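Visitor: Structure supplied as entry15.pdb; contents: PDB, C-alpha atoms.
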ATOM      1  CA  MET A  89      93.320   9.764  81.482
ATOM      2  CA  LEU A  90      93.618   6.279  82.983
ATOM      3  CA  LEU A  91      96.765   4.631  81.648
ATOM      4  CA  LEU A  92      98.091   1.090  81.630
ATOM      5  CA  THR A  93     101.890   1.237  81.537
ATOM      6  CA  ILE A  94     104.328  -1.584  80.765
ATOM      7  CA  GLU A  95     108.082  -1.806  81.436
ATOM      8  CA  THR A  96     110.391  -4.616  80.211
ATOM      9  CA  SER A  97     113.650  -2.886  79.316
ATOM     10  CA  CYS A  98     115.962  -5.197  81.273
ATOM     11  CA  ASP A  99     115.232  -7.770  83.979
ATOM     12  CA  GLU A 100     112.142  -6.339  85.684
ATOM     13  CA  THR A 101     108.683  -7.151  84.349
ATOM     14  CA  ALA A 102     106.411  -4.313  85.468
ATOM     15  CA  ALA A 103     102.946  -2.942  84.878
ATOM     16  CA  ALA A 104     101.005  -0.120  86.507
ATOM     17  CA  VAL A 105      97.692   1.678  86.351
ATOM     18  CA  VAL A 106      97.985   5.444  86.809
ATOM     19  CA  ARG A 107      95.381   8.206  86.668
ATOM     20  CA  ASP A 108      96.195  11.585  85.086
ATOM     21  CA  GLY A 109      99.922  10.883  85.105
ATOM     22  CA  ARG A 110     100.148  11.426  88.846
ATOM     23  CA  THR A 111      97.935   9.082  90.906
ATOM     24  CA  VAL A 112      99.290   5.520  91.075
ATOM     25  CA  LEU A 113      96.440   3.032  91.502
ATOM     26  CA  SER A 114      98.759   0.033  91.230
ATOM     27  CA  SER A 115     102.395  -0.724  90.486
ATOM     28  CA  ILE A 116     103.491  -4.337  90.119
ATOM     29  CA  VAL A 117     107.115  -5.373  89.609
ATOM     30  CA  ALA A 118     108.301  -8.958  89.110
ATOM     31  CA  THR A 119     112.050  -9.260  89.562
ATOM     32  CA  GLN A 120     114.369 -11.762  87.901
ATOM     33  CA  VAL A 121     117.230 -11.430  90.389
ATOM     34  CA  LYS A 122     117.258 -15.135  91.285
ATOM     35  CA  ASP A 123     117.274 -16.150  87.616
ATOM     36  CA  HIS A 124     120.407 -14.112  86.854
ATOM     37  CA  ALA A 125     122.250 -14.350  90.184
ATOM     38  CA  ILE A 126     124.021 -17.592  89.280
ATOM     39  CA  TYR A 127     125.590 -15.827  86.274
ATOM     40  CA  GLY A 128     126.577 -12.697  88.179
ATOM     41  CA  GLY A 129     124.643 -10.428  85.813
ATOM     42  CA  VAL A 130     121.703 -10.181  83.449
ATOM     43  CA  VAL A 131     121.575 -12.757  80.644
ATOM     44  CA  PRO A 132     119.523 -11.175  77.819
ATOM     45  CA  GLU A 133     117.979 -14.413  76.498
ATOM     46  CA  ILE A 134     116.875 -15.477  79.972
ATOM     47  CA  ALA A 135     115.439 -12.015  80.609
ATOM     48  CA  SER A 136     113.355 -12.159  77.433
ATOM     49  CA  ARG A 137     111.962 -15.610  78.227
ATOM     50  CA  LYS A 138     111.058 -14.621  81.781
ATOM     51  CA  HIS A 139     109.245 -11.518  80.478
ATOM     52  CA  LEU A 140     107.195 -13.760  78.175
ATOM     53  CA  GLU A 141     106.246 -15.992  81.091
ATOM     54  CA  THR A 142     105.517 -13.227  83.568
ATOM     55  CA  ILE A 143     103.962 -10.289  81.733
ATOM     56  CA  PRO A 144     100.361 -11.619  81.508
ATOM     57  CA  VAL A 145     100.328 -12.267  85.238
ATOM     58  CA  VAL A 146     101.859  -8.875  86.065
ATOM     59  CA  ILE A 147      99.325  -6.989  83.926
ATOM     60  CA  ASP A 148      96.404  -8.922  85.400
ATOM     61  CA  GLU A 149      97.653  -8.175  88.912
ATOM     62  CA  ALA A 150      98.077  -4.465  88.117
ATOM     63  CA  LEU A 151      94.476  -4.270  86.880
ATOM     64  CA  ARG A 152      93.171  -6.276  89.825
ATOM     65  CA  LYS A 153      94.978  -4.169  92.420
ATOM     66  CA  ALA A 154      93.712  -0.985  90.763
ATOM     67  CA  SER A 155      90.163  -2.435  90.832
ATOM     68  CA  VAL A 156      89.679  -1.789  87.117
ATOM     69  CA  THR A 157      89.355  -3.816  83.929
ATOM     70  CA  LEU A 158      90.726  -3.128  80.477
ATOM     71  CA  ASP A 159      87.349  -1.536  79.670
ATOM     72  CA  ALA A 160      88.331   1.423  81.868
ATOM     73  CA  ILE A 161      91.816   1.908  80.385
ATOM     74  CA  GLU A 162      92.056   4.949  78.089
ATOM     75  CA  GLY A 163      95.631   4.646  76.831
ATOM     76  CA  VAL A 164      98.781   2.531  76.906
ATOM     77  CA  ALA A 165     102.369   3.656  77.532
ATOM     78  CA  VAL A 166     105.273   1.254  77.139
ATOM     79  CA  THR A 167     109.042   1.440  77.429
ATOM     80  CA  GLN A 168     110.248   1.651  73.831
ATOM     81  CA  GLY A 169     113.942   1.931  74.702
ATOM     82  CA  PRO A 170     116.750   2.044  75.474
ATOM     83  CA  GLY A 171     117.306  -1.474  76.758
ATOM     84  CA  LEU A 172     117.828  -5.097  75.777
ATOM     85  CA  ALA A 173     116.357  -5.818  72.347
ATOM     86  CA  GLY A 174     114.554  -9.039  73.220
ATOM     87  CA  ALA A 175     113.231  -7.697  76.493
ATOM     88  CA  LEU A 176     111.914  -4.505  74.878
ATOM     89  CA  LEU A 177     110.206  -6.480  72.110
ATOM     90  CA  VAL A 178     108.167  -8.444  74.629
ATOM     91  CA  GLY A 179     106.779  -5.311  76.254
ATOM     92  CA  THR A 180     106.115  -3.425  73.042
ATOM     93  CA  ALA A 181     104.421  -6.432  71.412
ATOM     94  CA  VAL A 182     102.075  -6.929  74.345
ATOM     95  CA  ALA A 183     101.328  -3.202  74.589
ATOM     96  CA  LYS A 184     100.509  -3.021  70.877
ATOM     97  CA  ALA A 185      98.278  -6.092  71.118
ATOM     98  CA  ILE A 186      96.274  -4.516  73.927
ATOM     99  CA  ALA A 187      96.059  -1.190  72.115
ATOM    100  CA  TYR A 188      94.893  -2.898  68.910
ATOM    101  CA  ALA A 189      92.328  -5.130  70.607
ATOM    102  CA  ARG A 190      90.881  -2.319  72.730
ATOM    103  CA  ARG A 191      91.330   0.461  70.109
ATOM    104  CA  LEU A 192      93.433   2.523  72.490
ATOM    105  CA  PRO A 193      96.095   5.157  71.762
ATOM    106  CA  ILE A 194      99.634   3.988  72.506
ATOM    107  CA  VAL A 195     102.870   5.868  73.089
ATOM    108  CA  GLY A 196     106.427   4.635  73.476
ATOM    109  CA  VAL A 197     108.334   6.185  76.369
ATOM    110  CA  ASN A 198     112.087   6.531  76.793
ATOM    111  CA  HIS A 199     113.181   4.522  79.833
ATOM    112  CA  ILE A 200     115.492   7.292  81.093
ATOM    113  CA  GLU A 201     112.755   9.895  80.607
ATOM    114  CA  GLY A 202     110.551   7.808  82.883
ATOM    115  CA  HIS A 203     113.242   7.774  85.567
ATOM    116  CA  LEU A 204     113.819  11.540  85.364
ATOM    117  CA  LEU A 205     110.103  12.252  85.787
ATOM    118  CA  ALA A 206     109.297   9.577  88.402
ATOM    119  CA  ILE A 207     109.586  12.219  91.132
ATOM    120  CA  PHE A 208     106.330  13.785  89.873
ATOM    121  CA  LEU A 209     104.442  10.764  91.193
ATOM    122  CA  GLU A 210     105.381  11.946  94.688
ATOM    123  CA  ARG A 211     105.812  15.716  94.410
ATOM    124  CA  GLU A 212     105.976  18.542  91.900
ATOM    125  CA  VAL A 213     109.340  19.981  90.886
ATOM    126  CA  ALA A 214     109.543  23.268  89.011
ATOM    127  CA  PHE A 215     111.262  23.396  85.637
ATOM    128  CA  PRO A 216     114.059  23.789  84.777
ATOM    129  CA  PHE A 217     116.128  21.392  86.854
ATOM    130  CA  VAL A 218     119.358  19.453  86.474
ATOM    131  CA  ALA A 219     118.888  15.689  86.594
ATOM    132  CA  LEU A 220     121.372  12.919  87.303
ATOM    133  CA  ALA A 221     120.261   9.620  85.764
ATOM    134  CA  VAL A 222     122.415   6.980  87.413
ATOM    135  CA  SER A 223     121.893   3.245  87.010
ATOM    136  CA  GLY A 224     123.526   0.037  85.841
ATOM    137  CA  GLY A 225     123.460   1.136  82.230
ATOM    138  CA  HIS A 226     123.408   4.924  82.411
ATOM    139  CA  THR A 227     125.215   7.781  84.106
ATOM    140  CA  HIS A 228     124.097  11.012  82.473
ATOM    141  CA  LEU A 229     123.549  14.607  83.494
ATOM    142  CA  TYR A 230     120.661  16.457  81.841
ATOM    143  CA  ARG A 231     119.164  19.889  81.847
ATOM    144  CA  VAL A 232     115.390  19.386  81.964
ATOM    145  CA  ASP A 233     113.391  22.394  80.728
ATOM    146  CA  GLY A 234     110.086  20.541  80.587
ATOM    147  CA  ILE A 235     108.633  17.172  79.656
ATOM    148  CA  GLY A 236     110.194  16.211  76.348
ATOM    149  CA  ARG A 237     112.779  19.006  76.529
ATOM    150  CA  TYR A 238     116.099  17.489  77.561
ATOM    151  CA  THR A 239     119.686  18.584  76.950
ATOM    152  CA  THR A 240     122.631  16.323  77.723
ATOM    153  CA  LEU A 241     125.237  18.083  79.863
ATOM    154  CA  GLY A 242     127.535  15.131  80.489
ATOM    155  CA  GLN A 243     127.762  11.365  80.503
ATOM    156  CA  THR A 244     130.043   8.496  81.392
ATOM    157  CA  LEU A 245     132.909   7.892  79.002
ATOM    158  CA  ASP A 246     133.108   4.194  79.912
ATOM    159  CA  ASP A 247     131.347   2.248  82.675
ATOM    160  CA  ALA A 248     128.091   3.469  84.163
ATOM    161  CA  ALA A 249     128.197   3.939  87.934
ATOM    162  CA  GLY A 250     125.903   0.989  88.624
ATOM    163  CA  GLU A 251     127.965  -1.190  86.310
ATOM    164  CA  ALA A 252     131.103  -0.231  88.236
ATOM    165  CA  PHE A 253     129.423  -1.115  91.527
ATOM    166  CA  ASP A 254     128.388  -4.534  90.204
ATOM    167  CA  LYS A 255     131.815  -5.286  88.690
ATOM    168  CA  VAL A 256     133.634  -4.315  91.876
ATOM    169  CA  ALA A 257     131.244  -6.463  93.890
ATOM    170  CA  LYS A 258     131.901  -9.402  91.574
ATOM    171  CA  LEU A 259     135.680  -9.164  91.931
ATOM    172  CA  LEU A 260     135.170  -9.028  95.702
ATOM    173  CA  GLY A 261     133.141 -12.234  95.545
ATOM    174  CA  LEU A 262     129.880 -10.591  96.589
ATOM    175  CA  PRO A 263     126.549 -11.978  95.353
ATOM    176  CA  TYR A 264     124.485 -10.340  92.595
ATOM    177  CA  PRO A 265     123.158  -7.636  92.560
ATOM    178  CA  GLY A 266     126.450  -6.288  93.825
ATOM    179  CA  GLY A 267     125.577  -2.630  94.326
ATOM    180  CA  VAL A 268     123.169  -3.499  97.111
ATOM    181  CA  GLN A 269     125.799  -5.660  98.830
ATOM    182  CA  ILE A 270     128.446  -2.919  98.684
ATOM    183  CA  ASP A 271     126.007  -0.411 100.181
ATOM    184  CA  ARG A 272     125.143  -2.836 102.994
ATOM    185  CA  LEU A 273     128.751  -3.601 103.890
ATOM    186  CA  ALA A 274     129.889   0.017 103.549
ATOM    187  CA  VAL A 275     127.631   1.057 106.423
ATOM    188  CA  GLU A 276     130.042  -0.623 108.851
ATOM    189  CA  GLY A 277     133.211   0.354 106.981
ATOM    190  CA  ASP A 278     135.675   3.235 107.183
ATOM    191  CA  PRO A 279     135.457   5.280 103.931
ATOM    192  CA  THR A 280     138.834   6.912 104.657
ATOM    193  CA  ARG A 281     140.735   3.647 105.125
ATOM    194  CA  ILE A 282     141.766   3.311 101.458
ATOM    195  CA  THR A 283     142.416   6.196  99.090
ATOM    196  CA  PHE A 284     140.933   5.532  95.660
ATOM    197  CA  PRO A 285     141.032   7.948  92.693
ATOM    198  CA  ARG A 286     138.155  10.304  91.818
ATOM    199  CA  PRO A 287     138.339  10.177  87.986
ATOM    200  CA  LEU A 288     137.657  13.459  86.125
ATOM    201  CA  LEU A 289     136.709  15.150  89.398
ATOM    202  CA  HIS A 290     138.545  18.372  88.587
ATOM    203  CA  ASP A 291     138.598  18.345  84.771
ATOM    204  CA  GLY A 292     135.904  21.030  84.520
ATOM    205  CA  SER A 293     133.552  18.862  82.468
ATOM    206  CA  PHE A 294     130.309  17.165  83.445
ATOM    207  CA  ASN A 295     131.485  13.787  82.149
ATOM    208  CA  PHE A 296     132.176  10.723  84.264
ATOM    209  CA  SER A 297     134.619   7.825  84.134
ATOM    210  CA  PHE A 298     134.517   4.818  86.435
ATOM    211  CA  SER A 299     136.759   2.277  84.709
ATOM    212  CA  GLY A 300     139.888   3.710  86.359
ATOM    213  CA  LEU A 301     138.277   3.525  89.792
ATOM    214  CA  LYS A 302     137.283  -0.072  89.124
ATOM    215  CA  THR A 303     140.863  -0.896  88.065
ATOM    216  CA  ALA A 304     142.234   0.781  91.190
ATOM    217  CA  VAL A 305     140.078  -1.515  93.334
ATOM    218  CA  LEU A 306     141.293  -4.539  91.355
ATOM    219  CA  ASN A 307     144.952  -3.563  91.823
ATOM    220  CA  HIS A 308     144.402  -3.005  95.544
ATOM    221  CA  VAL A 309     142.776  -6.407  95.974
ATOM    222  CA  ARG A 310     145.633  -8.127  94.128
ATOM    223  CA  LYS A 311     148.121  -6.608  96.546
ATOM    224  CA  ASN A 312     145.902  -6.946  99.602
ATOM    225  CA  PRO A 313     143.712 -10.099  99.397
ATOM    226  CA  VAL A 314     140.358  -9.508 101.053
ATOM    227  CA  GLN A 315     139.264 -11.703 103.937
ATOM    228  CA  ASP A 316     135.726 -13.053 103.692
ATOM    229  CA  ASP A 317     133.259 -10.543 105.143
ATOM    230  CA  GLY A 318     135.888  -9.088 107.510
ATOM    231  CA  GLN A 319     136.535  -5.482 108.446
ATOM    232  CA  MET A 320     138.924  -5.131 105.533
ATOM    233  CA  LEU A 321     136.088  -5.927 103.124
ATOM    234  CA  ARG A 322     133.781  -3.407 104.799
ATOM    235  CA  ASP A 323     136.435  -0.700 104.651
ATOM    236  CA  LEU A 324     137.147  -1.437 101.006
ATOM    237  CA  CYS A 325     133.438  -1.215 100.113
ATOM    238  CA  ALA A 326     133.073   2.030 102.042
ATOM    239  CA  SER A 327     136.166   3.548 100.440
ATOM    240  CA  PHE A 328     135.108   2.601  96.914
ATOM    241  CA  GLN A 329     131.571   3.836  97.501
ATOM    242  CA  ARG A 330     132.830   7.148  98.893
ATOM    243  CA  ALA A 331     135.037   7.705  95.820
ATOM    244  CA  ALA A 332     132.191   7.004  93.405
ATOM    245  CA  CYS A 333     129.696   9.140  95.315
ATOM    246  CA  ASP A 334     132.139  12.041  95.636
ATOM    247  CA  VAL A 335     132.345  12.273  91.845
ATOM    248  CA  LEU A 336     128.592  11.900  91.297
ATOM    249  CA  VAL A 337     127.760  14.571  93.872
ATOM    250  CA  ALA A 338     130.424  17.063  92.821
ATOM    251  CA  LYS A 339     129.677  16.847  89.096
ATOM    252  CA  THR A 340     125.916  17.102  89.576
ATOM    253  CA  LEU A 341     126.011  20.147  91.815
ATOM    254  CA  LEU A 342     128.653  21.811  89.625
ATOM    255  CA  ALA A 343     126.328  21.353  86.644
ATOM    256  CA  ALA A 344     123.463  22.975  88.543
ATOM    257  CA  GLU A 345     125.606  25.942  89.581
ATOM    258  CA  THR A 346     127.043  26.359  86.089
ATOM    259  CA  GLU A 347     123.573  26.286  84.523
ATOM    260  CA  GLY A 348     122.303  28.723  87.146
ATOM    261  CA  ILE A 349     119.611  26.279  88.257
ATOM    262  CA  GLY A 350     118.764  25.793  91.919
ATOM    263  CA  ARG A 351     116.995  22.433  91.583
ATOM    264  CA  VAL A 352     118.437  18.934  91.191
ATOM    265  CA  VAL A 353     116.713  15.579  90.662
ATOM    266  CA  VAL A 354     118.561  12.279  91.131
ATOM    267  CA  ALA A 355     116.974   9.212  89.563
ATOM    268  CA  GLY A 356     117.691   5.630  88.517
ATOM    269  CA  GLY A 357     118.606   2.464  90.367
ATOM    270  CA  VAL A 358     121.820   3.796  91.942
ATOM    271  CA  ALA A 359     119.742   6.610  93.477
ATOM    272  CA  CYS A 360     118.696   3.934  95.999
ATOM    273  CA  ASN A 361     122.246   3.963  97.379
ATOM    274  CA  SER A 362     122.139   5.270 100.928
ATOM    275  CA  ALA A 363     125.506   7.045 100.774
ATOM    276  CA  LEU A 364     124.637   8.848  97.533
ATOM    277  CA  ARG A 365     121.312  10.014  98.944
ATOM    278  CA  ARG A 366     122.949  11.200 102.181
ATOM    279  CA  ASP A 367     125.941  12.921 100.589
ATOM    280  CA  MET A 368     123.879  14.580  97.868
ATOM    281  CA  ALA A 369     121.398  15.892 100.441
ATOM    282  CA  ARG A 370     124.155  17.302 102.650
ATOM    283  CA  GLU A 371     126.077  19.015  99.849
ATOM    284  CA  ALA A 372     122.939  20.354  98.165
ATOM    285  CA  ALA A 373     121.736  21.868 101.441
ATOM    286  CA  GLU A 374     125.094  23.547 102.015
ATOM    287  CA  ARG A 375     124.888  25.163  98.564
ATOM    288  CA  GLY A 376     121.236  26.158  98.844
ATOM    289  CA  ILE A 377     120.150  23.789  96.066
ATOM    290  CA  GLU A 378     116.741  22.111  96.208
ATOM    291  CA  LEU A 379     117.129  18.326  95.954
ATOM    292  CA  ALA A 380     114.493  15.791  94.946
ATOM    293  CA  ILE A 381     115.066  12.032  94.941
ATOM    294  CA  PRO A 382     112.176   9.578  94.483
ATOM    295  CA  SER A 383     111.576   6.907  97.102
ATOM    296  CA  PRO A 384     113.531   3.690  96.376
ATOM    297  CA  PRO A 385     110.648   1.819  94.669
ATOM    298  CA  LEU A 386     110.424   4.635  92.106
ATOM    299  CA  CYS A 387     114.205   4.720  91.601
ATOM    300  CA  SER A 388     114.440   1.086  90.563
ATOM    301  CA  ASP A 389     112.826  -0.018  87.301
ATOM    302  CA  ASN A 390     109.038   0.241  87.423
ATOM    303  CA  ALA A 391     106.143   0.944  85.071
ATOM    304  CA  ALA A 392     104.403   3.693  87.063
ATOM    305  CA  MET A 393     107.077   6.234  86.120
ATOM    306  CA  LEU A 394     106.134   5.886  82.443
ATOM    307  CA  ALA A 395     102.747   7.443  83.147
ATOM    308  CA  VAL A 396     104.159  10.930  83.762
ATOM    309  CA  PRO A 397     105.450  11.442  80.202
ATOM    310  CA  GLY A 398     102.893   8.994  78.780
ATOM    311  CA  ASP A 399      99.926  11.008  80.017
ATOM    312  CA  PHE A 400     101.583  14.254  78.888
ATOM    313  CA  TYR A 401     102.025  13.011  75.321
ATOM    314  CA  LEU A 402      98.732  11.173  74.874
ATOM    315  CA  SER A 403      96.663  14.026  76.342
ATOM    316  CA  ARG A 404      98.215  16.270  73.675
ATOM    317  CA  GLY A 405      97.471  13.874  70.839
ATOM    318  CA  ILE A 406     101.071  12.658  70.551
ATOM    319  CA  SER A 407     101.026   8.889  69.961
ATOM    320  CA  ASP A 408     102.919   6.241  68.005
ATOM    321  CA  GLY A 409     100.347   3.809  66.682
ATOM    322  CA  LEU A 410     100.991   0.159  65.931
ATOM    323  CA  ALA A 411     104.171   0.945  63.962
ATOM    324  CA  LEU A 412     105.938   1.461  67.303
ATOM    325  CA  ASP A 413     109.109  -0.624  67.509
ATOM    326  CA  ALA A 414     111.791  -1.242  70.132
ATOM    327  CA  LEU A 415     114.779   1.108  70.169
ATOM    328  CA  VAL A 416     117.858  -0.423  71.767
ATOM    329  CA  ASN A 417     119.622   2.951  71.605
ATOM    330  CA  TRP A 418     117.525   6.085  72.017
ATOM    331  CA  PRO A 419     119.323   9.324  73.019
ATOM    332  CA  LEU A 420     117.111  11.398  75.267
ATOM    333  CA  ASP A 421     117.918  14.613  73.419
ATOM    334  CA  THR A 422     116.057  13.401  70.316
ATOM    335  CA  ILE A 423     112.701  13.430  72.119
ATOM    336  CA  ARG A 424     112.571  17.206  71.720
ATOM    337  CA  LYS A 425     111.487  16.589  68.098
ATOM    338  CA  ARG A 426     108.361  14.893  69.411
ATOM    339  CA  VAL A 427     107.091  17.899  71.383
ATOM    340  CA  GLU A 428     108.219  20.498  68.859
ATOM    341  CA  ALA A 429     106.720  18.761  65.811
TER     342      ALA A 429
END
Reformat the file's structure so that it appears as structure tokens.

Guide:
Amino acid sequence: MLLLTIETSCDETAAAVVRDGRTVLSSIVATQVKDHAIYGGVVPEIASRKHLETIPVVIDEALRKASVTLDAIEGVAVTQGPGLAGALLVGTAVAKAIAYARRLPIVGVNHIEGHLLAIFLEREVAFPFVALAVSGGHTHLYRVDGIGRYTTLGQTLDDAAGEAFDKVAKLLGLPYPGGVQIDRLAVEGDPTRITFPRPLLHDGSFNFSFSGLKTAVLNHVRKNPVQDDGQMLRDLCASFQRAACDVLVAKTLLAAETEGIGRVVVAGGVACNSALRRDMAREAAERGIELAIPSPPLCSDNAAMLAVPGDFYLSRGISDGLALDALVNWPLDTIRKRVEA
């Protein structure tokens, strides 16, 4: 099946053309970083308006790069949720319009599901596996027994990891998006210079908490003002990043060992972080756990990742029709009803 996929859950306008849920013919992503940078974070109304302006161009470019027209498209997959309401509505409305005009089947895909399965665009991973979905809005651990079969093992009790990175960067005066800036500065910093807490590290659960870590950084900065782009700033970034990554790595691998599963997938925007990728790879290797992390373009928001579950559902006659609507909140566990119906 040749799918057109559309992603507009937050501040990336993306479209892709993918064959059989595995072969990416094109993947186009238009970012809104410059539009939101002045505000230090995503402004929902601005995001929605930019999606409206950009989505026709992005879809046309995806078709052009794939050397196909809409006549060749056999199905449409679109991010249905979770995400920003206005942003999601733009993508779903356009996807439904195309499906209606071309008489194509359409399926709504969970944004997190797309991230968890993005690795299949690069390599196969045997089921079951434990997956860490870590981004600006999500930090969850899942047991994945197959496409559509997800069980939540743990989640953040407050801030998501990516949100904590961005908030810490903002209080340090770093430009948006802050997570990227912290990663860049941490490379030249000493991660042992400052001792920050590792919240819930030894509580025996698979849940996360990053608000206390964020507050610890704030208290440290109040007592020790940071010099602009000096060594102190680099050390602080490295120390904060090490604390956050220690918790993410430890909890993920503990979940895999507890579940008796020797495979782990890490996905989502924070999976681009160089320290997380390095530390997870080292610890997984020491424990004999197979690790799979998509390349950075497939970790950040994109439309190609939607084709993996989208092709799976549509090829089995599972579709939504034109009644499809945006879902701001959509727990991944509930998708099991779709495949078991």

Visitor: Name the residues that the PyMOL selection byres ((chain A and resi 419-428) around 12) picks from the file above, as a PyMOL selection string, using the file's chain letters and numbers.

Guide: chain A and resi 168-171+195-204+221+226+228-243+397+400-402+404-408+415-418+429

Visitor: Starting from the PyMOL selection byres ((chain A and resi 194) around 12), expand the selection into actual residues of this file and give them as a ChimeraX atom specification.

Guide: /A:91-94,161-168,180-193,195-197,395,398-399,401-403,405-413

Visitor: Mind telling me what the PyMOL selection byres ((chain A and resi 156) around 12) catches here, as an MDAnalysis selection string?

Guide: chainID A and resid 90:92 104:107 113:114 147:155 157:162

Visitor: Around the point (106.1, -6.4, 86.1) in the file's coordinates, collect all residues with an atom within 8 Å, using all atoms listed in the file, and return them as JSON, numbers by chain.

Guide: {"A": [94, 95, 96, 100, 101, 102, 103, 116, 117, 118, 119, 142, 143, 146, 147, 390, 391]}

Visitor: When you count all atoms listed in the file, which of these residues is closest to Cys325 in chain A: A:Thr283, A:Thr340, A:Thr111, A:Ser223?

Guide: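 For Cys325 in chain A, the nearest of the given residues is A:Thr283.
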
Visitor: In the coordinates of the file, take the point (120.0, 9.4, 97.6) and a cut-off of 10 Å; then, counting only C-alpha atoms, name each qualifying protein, DNA or RNA residue as a ChimeraX atom specification.

Guide: /A:333,353-355,358-369,379-384,387

Visitor: Leaving out His290 in chain A and any residue of its chain fewer than 2 positions from it, which residues lie within 12 Å of it when counting only C-alpha atoms, given as a count of residues only?

Guide: 14

Visitor: One number please: CA of Val396 in chain A to CA of Ala373 in chain A, in Å, one decimal.

Guide: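 Going from CA of Val396 in chain A over to CA of Ala373 in chain A, I get 27.2 Å.
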
Visitor: Give me, please, the distance in Å between CA of Gly250 in chain A and CA of Arg110 in chain A, quoted to one decimal.

Guide: 27.8 Å

Visitor: Can you work out the spacing between CA of Thr303 in chain A and CA of Lys255 in chain A in Å, to one decimal?

Guide: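 Distance reported for this atom pair: 10.1 Å.
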
Visitor: What's around Ser297 in chain A at 8 Å? Count all atoms listed in the file, leave out sequence neighbours fewer than 5 positions away in its own chain, and write the answer as a PyMOL selection string.

Guide: chain A and resi 244-248+287-288

Visitor: Place N, CA and C atoms on range 301-317 of chain A and deliver the coordinates as a CSV table (one decimal), keeping the file's coordinate frame.

Guide:
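Printed below is part-v3.csv as written:
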chain,number,residue,atom,x,y,z
A,301,LEU,N,138.6,3.8,88.4
A,301,LEU,CA,138.3,3.5,89.8
A,301,LEU,C,138.1,2.0,90.0
A,302,LYS,N,137.5,1.4,89.1
A,302,LYS,CA,137.3,-0.1,89.1
A,302,LYS,C,138.6,-0.8,89.1
A,303,THR,N,139.5,-0.3,88.2
A,303,THR,CA,140.9,-0.9,88.1
A,303,THR,C,141.7,-0.7,89.3
A,304,ALA,N,141.5,0.5,89.9
A,304,ALA,CA,142.2,0.8,91.2
A,304,ALA,C,141.8,-0.2,92.3
A,305,VAL,N,140.5,-0.5,92.3
A,305,VAL,CA,140.1,-1.5,93.3
A,305,VAL,C,140.7,-2.9,93.0
A,306,LEU,N,140.7,-3.3,91.8
A,306,LEU,CA,141.3,-4.5,91.4
A,306,LEU,C,142.8,-4.6,91.8
A,307,ASN,N,143.5,-3.6,91.5
A,307,ASN,CA,145.0,-3.6,91.8
A,307,ASN,C,145.2,-3.6,93.3
A,308,HIS,N,144.3,-3.0,94.1
A,308,HIS,CA,144.4,-3.0,95.5
A,308,HIS,C,144.1,-4.4,96.1
A,309,VAL,N,143.1,-5.1,95.5
A,309,VAL,CA,142.8,-6.4,96.0
A,309,VAL,C,143.9,-7.4,95.6
A,310,ARG,N,144.5,-7.2,94.5
A,310,ARG,CA,145.6,-8.1,94.1
A,310,ARG,C,146.8,-8.0,95.1
A,311,LYS,N,147.0,-6.8,95.6
A,311,LYS,CA,148.1,-6.6,96.5
A,311,LYS,C,147.7,-6.9,98.0
A,312,ASN,N,146.4,-6.8,98.2
A,312,ASN,CA,145.9,-6.9,99.6
A,312,ASN,C,144.7,-7.8,99.5
A,313,PRO,N,144.8,-9.2,99.5
A,313,PRO,CA,143.7,-10.1,99.4
A,313,PRO,C,142.7,-9.8,100.5
A,314,VAL,N,141.4,-9.8,100.1
A,314,VAL,CA,140.4,-9.5,101.1
A,314,VAL,C,139.9,-10.7,101.8
A,315,GLN,N,139.8,-10.6,103.1
A,315,GLN,CA,139.3,-11.7,103.9
A,315,GLN,C,137.7,-11.7,103.8
A,316,ASP,N,137.2,-12.9,103.9
A,316,ASP,CA,135.7,-13.1,103.7
A,316,ASP,C,135.0,-12.3,104.8
A,317,ASP,N,134.2,-11.3,104.3
A,317,ASP,CA,133.3,-10.5,105.1
A,317,ASP,C,133.9,-10.0,106.4
